[in-house]
>>> print(open('coords.txt').read())   # compact mmCIF, N, CA and C atoms
# COMPACT_ATOMS: atom_id res chain seq x y z
N MET A 9 69.93 -2.08 -9.34
CA MET A 9 70.71 -0.87 -9.29
C MET A 9 70.97 -0.52 -7.82
N ALA A 10 72.20 -0.39 -7.48
CA ALA A 10 72.58 -0.09 -6.09
C ALA A 10 72.53 1.41 -5.86
N GLU A 11 71.89 1.80 -4.73
CA GLU A 11 71.83 3.22 -4.38
C GLU A 11 72.93 3.54 -3.39
N GLU A 12 73.49 4.72 -3.56
CA GLU A 12 74.54 5.13 -2.65
C GLU A 12 73.95 5.63 -1.33
N ASN A 13 74.64 5.35 -0.25
CA ASN A 13 74.24 5.84 1.06
C ASN A 13 74.87 7.22 1.23
N LYS A 14 74.05 8.27 1.07
CA LYS A 14 74.58 9.63 1.16
C LYS A 14 74.41 10.15 2.58
N GLU A 15 75.47 10.71 3.11
CA GLU A 15 75.45 11.26 4.46
C GLU A 15 74.87 12.67 4.42
N THR A 16 74.00 12.97 5.36
CA THR A 16 73.41 14.30 5.47
C THR A 16 74.44 15.24 6.07
N LYS A 17 74.65 16.38 5.41
CA LYS A 17 75.61 17.37 5.91
C LYS A 17 74.90 18.34 6.83
N ILE A 18 75.45 18.54 8.02
CA ILE A 18 74.92 19.50 8.98
C ILE A 18 75.82 20.72 8.94
N PRO A 19 75.22 21.94 8.82
CA PRO A 19 76.06 23.14 8.79
C PRO A 19 76.90 23.25 10.05
N GLN A 20 78.12 23.75 9.88
CA GLN A 20 79.00 23.91 11.01
C GLN A 20 79.36 25.38 11.17
N GLY A 21 79.47 25.81 12.39
CA GLY A 21 79.83 27.20 12.69
C GLY A 21 81.30 27.31 13.05
N GLN A 22 81.60 28.25 13.91
CA GLN A 22 82.97 28.44 14.34
C GLN A 22 83.50 27.18 15.01
N ASN A 23 84.76 26.93 14.84
CA ASN A 23 85.44 25.77 15.44
C ASN A 23 84.80 24.46 15.02
N HIS A 24 84.10 24.45 13.90
CA HIS A 24 83.47 23.26 13.34
C HIS A 24 82.48 22.60 14.30
N HIS A 25 81.89 23.38 15.18
CA HIS A 25 80.88 22.86 16.11
C HIS A 25 79.53 22.90 15.41
N ARG A 26 78.84 21.81 15.35
CA ARG A 26 77.59 21.71 14.58
C ARG A 26 76.51 22.64 15.08
N LEU A 27 76.35 22.84 16.39
CA LEU A 27 75.29 23.68 16.92
C LEU A 27 75.60 25.17 16.77
N ALA A 28 76.83 25.53 16.54
CA ALA A 28 77.21 26.94 16.43
C ALA A 28 76.59 27.60 15.20
N ALA A 29 76.18 26.82 14.22
CA ALA A 29 75.61 27.38 13.00
C ALA A 29 74.15 27.77 13.16
N PHE A 30 73.51 27.32 14.22
CA PHE A 30 72.11 27.62 14.43
C PHE A 30 71.95 28.70 15.49
N PRO A 31 71.01 29.65 15.29
CA PRO A 31 70.81 30.70 16.30
C PRO A 31 70.29 30.12 17.60
N ARG A 32 70.67 30.74 18.69
CA ARG A 32 70.23 30.27 19.99
C ARG A 32 68.88 30.88 20.32
N ILE A 33 67.87 30.05 20.53
CA ILE A 33 66.54 30.52 20.86
C ILE A 33 66.54 31.17 22.25
N THR A 34 67.35 30.68 23.13
CA THR A 34 67.36 31.19 24.50
C THR A 34 67.90 32.60 24.61
N SER A 35 68.51 33.13 23.55
CA SER A 35 69.08 34.47 23.62
C SER A 35 67.99 35.55 23.53
N GLN A 36 66.79 35.20 23.11
CA GLN A 36 65.70 36.16 23.01
C GLN A 36 64.89 36.15 24.30
N LYS A 37 64.32 37.31 24.61
CA LYS A 37 63.51 37.43 25.81
C LYS A 37 62.27 36.55 25.70
N THR A 38 61.92 35.87 26.79
CA THR A 38 60.78 34.96 26.77
C THR A 38 59.74 35.27 27.84
N LYS A 39 60.03 36.19 28.76
CA LYS A 39 59.04 36.57 29.78
C LYS A 39 59.18 38.04 30.14
N TRP A 40 58.08 38.61 30.60
CA TRP A 40 58.00 40.04 30.90
C TRP A 40 57.38 40.27 32.29
N PRO A 41 58.08 39.94 33.36
CA PRO A 41 57.52 40.14 34.70
C PRO A 41 57.32 41.62 35.03
N GLU A 42 58.03 42.49 34.34
CA GLU A 42 57.93 43.92 34.61
C GLU A 42 56.61 44.54 34.19
N VAL A 43 55.82 43.85 33.37
CA VAL A 43 54.52 44.41 32.95
C VAL A 43 53.36 43.96 33.84
N GLU A 44 53.64 43.09 34.79
CA GLU A 44 52.59 42.67 35.71
C GLU A 44 52.09 43.90 36.49
N GLY A 45 50.78 44.09 36.51
CA GLY A 45 50.18 45.25 37.18
C GLY A 45 49.88 46.42 36.27
N LEU A 46 50.42 46.37 35.03
CA LEU A 46 50.15 47.44 34.06
C LEU A 46 48.83 47.18 33.33
N MET A 47 48.27 48.24 32.77
CA MET A 47 47.08 48.09 31.93
C MET A 47 47.48 47.30 30.68
N VAL A 48 46.55 46.58 30.12
CA VAL A 48 46.82 45.68 29.00
C VAL A 48 47.42 46.41 27.80
N GLU A 49 46.97 47.61 27.51
CA GLU A 49 47.49 48.36 26.35
C GLU A 49 48.97 48.68 26.52
N GLU A 50 49.35 49.11 27.72
CA GLU A 50 50.75 49.45 27.99
C GLU A 50 51.63 48.20 27.96
N ALA A 51 51.15 47.11 28.54
CA ALA A 51 51.89 45.85 28.54
C ALA A 51 52.11 45.36 27.11
N GLU A 52 51.06 45.44 26.30
CA GLU A 52 51.16 45.01 24.90
C GLU A 52 52.18 45.85 24.14
N ARG A 53 52.19 47.16 24.35
CA ARG A 53 53.14 48.05 23.69
C ARG A 53 54.58 47.68 24.04
N ILE A 54 54.84 47.46 25.32
CA ILE A 54 56.19 47.12 25.77
C ILE A 54 56.66 45.80 25.17
N ILE A 55 55.80 44.79 25.20
CA ILE A 55 56.17 43.48 24.67
C ILE A 55 56.44 43.54 23.17
N LYS A 56 55.59 44.26 22.45
CA LYS A 56 55.77 44.36 20.99
C LYS A 56 57.03 45.16 20.63
N GLU A 57 57.43 46.11 21.47
CA GLU A 57 58.68 46.84 21.23
C GLU A 57 59.88 45.91 21.37
N GLU A 58 59.82 45.04 22.35
CA GLU A 58 60.93 44.14 22.64
C GLU A 58 60.93 42.88 21.77
N LYS A 59 59.78 42.50 21.26
CA LYS A 59 59.67 41.32 20.40
C LYS A 59 58.73 41.62 19.24
N PRO A 60 59.21 42.33 18.23
CA PRO A 60 58.36 42.66 17.08
C PRO A 60 57.82 41.39 16.40
N GLY A 61 56.60 41.47 15.94
CA GLY A 61 55.99 40.34 15.24
C GLY A 61 55.29 39.35 16.15
N VAL A 62 55.38 39.56 17.46
CA VAL A 62 54.73 38.65 18.39
C VAL A 62 53.22 38.83 18.33
N GLN A 63 52.50 37.74 18.56
CA GLN A 63 51.03 37.79 18.62
C GLN A 63 50.62 37.84 20.08
N ILE A 64 49.87 38.86 20.44
CA ILE A 64 49.40 39.02 21.82
C ILE A 64 47.99 38.46 21.93
N GLN A 65 47.76 37.64 22.92
CA GLN A 65 46.44 37.09 23.17
C GLN A 65 46.03 37.54 24.58
N VAL A 66 44.96 38.32 24.67
CA VAL A 66 44.47 38.82 25.95
C VAL A 66 43.42 37.87 26.48
N LEU A 67 43.64 37.41 27.71
CA LEU A 67 42.72 36.46 28.33
C LEU A 67 42.07 37.09 29.56
N PRO A 68 40.76 37.28 29.51
CA PRO A 68 40.04 37.85 30.66
C PRO A 68 39.97 36.83 31.81
N PRO A 69 39.50 37.28 32.99
CA PRO A 69 39.40 36.36 34.13
C PRO A 69 38.55 35.13 33.81
N ASN A 70 38.96 34.00 34.35
CA ASN A 70 38.24 32.72 34.20
C ASN A 70 38.07 32.27 32.75
N CYS A 71 38.97 32.67 31.91
CA CYS A 71 38.93 32.28 30.50
C CYS A 71 39.78 31.03 30.29
N GLY A 72 39.22 30.06 29.60
CA GLY A 72 39.97 28.86 29.27
C GLY A 72 40.90 29.11 28.10
N PHE A 73 41.94 28.30 27.99
CA PHE A 73 42.87 28.42 26.86
C PHE A 73 43.52 27.08 26.60
N THR A 74 44.05 26.92 25.40
CA THR A 74 44.68 25.67 25.00
C THR A 74 46.08 25.58 25.59
N ASN A 75 46.62 24.39 25.65
CA ASN A 75 47.97 24.19 26.19
C ASN A 75 49.03 24.08 25.10
N ASP A 76 48.68 24.40 23.86
CA ASP A 76 49.68 24.33 22.80
C ASP A 76 50.71 25.44 23.00
N TYR A 77 51.92 25.20 22.53
CA TYR A 77 53.03 26.14 22.70
C TYR A 77 53.38 26.77 21.37
N ARG A 78 53.40 28.10 21.32
CA ARG A 78 53.74 28.82 20.09
C ARG A 78 54.81 29.86 20.39
N LEU A 79 55.89 29.82 19.64
CA LEU A 79 57.01 30.73 19.87
C LEU A 79 56.69 32.18 19.59
N GLN A 80 55.67 32.46 18.80
CA GLN A 80 55.32 33.84 18.45
C GLN A 80 54.09 34.34 19.20
N ARG A 81 53.71 33.66 20.30
CA ARG A 81 52.53 34.09 21.04
C ARG A 81 52.88 34.42 22.49
N VAL A 82 52.29 35.51 22.97
CA VAL A 82 52.37 35.87 24.39
C VAL A 82 50.94 36.08 24.88
N ARG A 83 50.60 35.41 25.95
CA ARG A 83 49.26 35.57 26.53
C ARG A 83 49.32 36.55 27.69
N LEU A 84 48.37 37.49 27.68
CA LEU A 84 48.23 38.44 28.77
C LEU A 84 47.00 38.06 29.58
N HIS A 85 47.21 37.58 30.79
CA HIS A 85 46.13 37.25 31.70
C HIS A 85 45.78 38.53 32.45
N VAL A 86 44.56 39.01 32.26
CA VAL A 86 44.17 40.28 32.87
C VAL A 86 43.06 40.08 33.90
N ASP A 87 42.99 41.01 34.87
CA ASP A 87 41.93 40.97 35.86
C ASP A 87 40.73 41.77 35.36
N SER A 88 39.72 41.89 36.20
CA SER A 88 38.48 42.57 35.78
C SER A 88 38.67 44.06 35.51
N SER A 89 39.77 44.65 36.00
CA SER A 89 40.02 46.07 35.74
C SER A 89 40.91 46.29 34.51
N GLY A 90 41.32 45.20 33.84
CA GLY A 90 42.14 45.32 32.64
C GLY A 90 43.63 45.38 32.89
N LYS A 91 44.05 45.02 34.12
CA LYS A 91 45.48 44.99 34.45
C LYS A 91 46.02 43.57 34.34
N VAL A 92 47.27 43.47 33.90
CA VAL A 92 47.94 42.18 33.79
C VAL A 92 48.18 41.63 35.19
N HIS A 93 47.69 40.41 35.47
CA HIS A 93 47.82 39.88 36.82
C HIS A 93 48.74 38.66 36.91
N ARG A 94 49.38 38.28 35.81
CA ARG A 94 50.32 37.17 35.79
C ARG A 94 51.45 37.55 34.84
N PRO A 95 52.71 37.28 35.18
CA PRO A 95 53.80 37.64 34.27
C PRO A 95 53.64 36.95 32.90
N PRO A 96 53.56 37.71 31.82
CA PRO A 96 53.41 37.13 30.49
C PRO A 96 54.67 36.37 30.05
N VAL A 97 54.46 35.27 29.34
CA VAL A 97 55.56 34.45 28.81
C VAL A 97 55.24 34.03 27.40
N ILE A 98 56.28 33.65 26.66
CA ILE A 98 56.12 33.08 25.32
C ILE A 98 55.40 31.75 25.45
N GLY A 99 54.54 31.46 24.52
CA GLY A 99 53.86 30.17 24.53
C GLY A 99 52.50 30.30 24.02
>>> encode(input="coords.txt", output="structure tokens")
Amino acid sequence: MAEENKETKIPQGQNHHRLAAFPRITSQKTKWPEVEGLMVEEAERIIKEEKPGVQIQVLPPNCGFTNDYRLQRVRLHVDSSGKVHRPPVIG
């Protein structure tokens, strides 16, 4: 029995461009340099307002962390006084 070779259909957006049908990830904010120097609670509030559903991970000084990348995670590197000391980014 011969099987047919079926072509996979990719959704097309405006002007029949294949990538136009998919949302652009780069259009969303991915870093928050403006919260550097703020207390962790205030930084977390600002980030969650701008990116609802994000998971915030607070990292104290000299804390190890994994190098895996997650689109819904923002790490807050804080100093011993609880202030953000590195601009937070998605990952």
>>> residues_around(input="coords.txt", residues="stretch 77-85 of chain A", least_positions_apart="5", cutoff="6.5 Å", atoms="only N, CA and C atoms", output="PDB file with N, CA and C atoms, keeping the file's coordinate frame")
ATOM      1  N   GLY A  61      56.600  41.470  15.940  1.00  0.00           N
ATOM      2  CA  GLY A  61      55.990  40.340  15.240  1.00  0.00           C
ATOM      3  C   GLY A  61      55.290  39.350  16.150  1.00  0.00           C
ATOM      4  N   VAL A  62      55.380  39.560  17.460  1.00  0.00           N
ATOM      5  CA  VAL A  62      54.730  38.650  18.390  1.00  0.00           C
ATOM      6  C   VAL A  62      53.220  38.830  18.330  1.00  0.00           C
ATOM      7  N   GLN A  63      52.500  37.740  18.560  1.00  0.00           N
ATOM      8  CA  GLN A  63      51.030  37.790  18.620  1.00  0.00           C
ATOM      9  C   GLN A  63      50.620  37.840  20.080  1.00  0.00           C
ATOM     10  N   ILE A  64      49.870  38.860  20.440  1.00  0.00           N
ATOM     11  CA  ILE A  64      49.400  39.020  21.820  1.00  0.00           C
ATOM     12  C   ILE A  64      47.990  38.460  21.930  1.00  0.00           C
ATOM     13  N   GLN A  65      47.760  37.640  22.920  1.00  0.00           N
ATOM     14  CA  GLN A  65      46.440  37.090  23.170  1.00  0.00           C
ATOM     15  C   GLN A  65      46.030  37.540  24.580  1.00  0.00           C
ATOM     16  N   VAL A  66      44.960  38.320  24.670  1.00  0.00           N
ATOM     17  CA  VAL A  66      44.470  38.820  25.950  1.00  0.00           C
ATOM     18  C   VAL A  66      43.420  37.870  26.480  1.00  0.00           C
ATOM     19  N   LEU A  67      43.640  37.410  27.710  1.00  0.00           N
ATOM     20  CA  LEU A  67      42.720  36.460  28.330  1.00  0.00           C
ATOM     21  C   LEU A  67      42.070  37.090  29.560  1.00  0.00           C
ATOM     22  N   PRO A  68      40.760  37.280  29.510  1.00  0.00           N
ATOM     23  CA  PRO A  68      40.040  37.850  30.660  1.00  0.00           C
ATOM     24  C   PRO A  68      39.970  36.830  31.810  1.00  0.00           C
ATOM     25  N   PRO A  69      39.500  37.280  32.990  1.00  0.00           N
ATOM     26  CA  PRO A  69      39.400  36.360  34.130  1.00  0.00           C
ATOM     27  C   PRO A  69      38.550  35.130  33.810  1.00  0.00           C
ATOM     28  N   LYS A  91      44.050  45.020  34.120  1.00  0.00           N
ATOM     29  CA  LYS A  91      45.480  44.990  34.450  1.00  0.00           C
ATOM     30  C   LYS A  91      46.020  43.570  34.340  1.00  0.00           C
ATOM     31  N   VAL A  92      47.270  43.470  33.900  1.00  0.00           N
ATOM     32  CA  VAL A  92      47.940  42.180  33.790  1.00  0.00           C
ATOM     33  C   VAL A  92      48.180  41.630  35.190  1.00  0.00           C
ATOM     34  N   HIS A  93      47.690  40.410  35.470  1.00  0.00           N
ATOM     35  CA  HIS A  93      47.820  39.880  36.820  1.00  0.00           C
ATOM     36  C   HIS A  93      48.740  38.660  36.910  1.00  0.00           C
ATOM     37  N   ARG A  94      49.380  38.280  35.810  1.00  0.00           N
ATOM     38  CA  ARG A  94      50.320  37.170  35.790  1.00  0.00           C
ATOM     39  C   ARG A  94      51.450  37.550  34.840  1.00  0.00           C
ATOM     40  N   PRO A  96      53.560  37.710  31.820  1.00  0.00           N
ATOM     41  CA  PRO A  96      53.410  37.130  30.490  1.00  0.00           C
ATOM     42  C   PRO A  96      54.670  36.370  30.050  1.00  0.00           C
ATOM     43  N   VAL A  97      54.460  35.270  29.340  1.00  0.00           N
ATOM     44  CA  VAL A  97      55.560  34.450  28.810  1.00  0.00           C
ATOM     45  C   VAL A  97      55.240  34.030  27.400  1.00  0.00           C
ATOM     46  N   ILE A  98      56.280  33.650  26.660  1.00  0.00           N
ATOM     47  CA  ILE A  98      56.120  33.080  25.320  1.00  0.00           C
ATOM     48  C   ILE A  98      55.400  31.750  25.450  1.00  0.00           C
ATOM     49  N   GLY A  99      54.540  31.460  24.520  1.00  0.00           N
ATOM     50  CA  GLY A  99      53.860  30.170  24.530  1.00  0.00           C
ATOM     51  C   GLY A  99      52.500  30.300  24.020  1.00  0.00           C
TER      52      GLY A  99
END
>>> closest_residue(input="coords.txt", among="A:Asn75, A:Ser89, A:Gln36, A:Asn70", to="A:Val48", atoms="all atoms listed in the file")
A:Ser89
>>> atom_distance(input="coords.txt", atom1="atom N of A:Leu46", atom2="atom CA of A:Asp76")
25.2 Å
>>> atom_distance(input="coords.txt", atom1="atom CA of A:Lys59", atom2="atom CA of A:Thr74")
22.2 Å
>>> closest_residue(input="coords.txt", among="A:Cys71, A:Pro95, A:Lys56, A:Val86", to="A:Val43", atoms="only N, CA and C atoms")
A:Pro95
>>> atom_distance(input="coords.txt", atom1="atom CA of A:Gly72", atom2="atom CA of A:Gly90")
16.9 Å
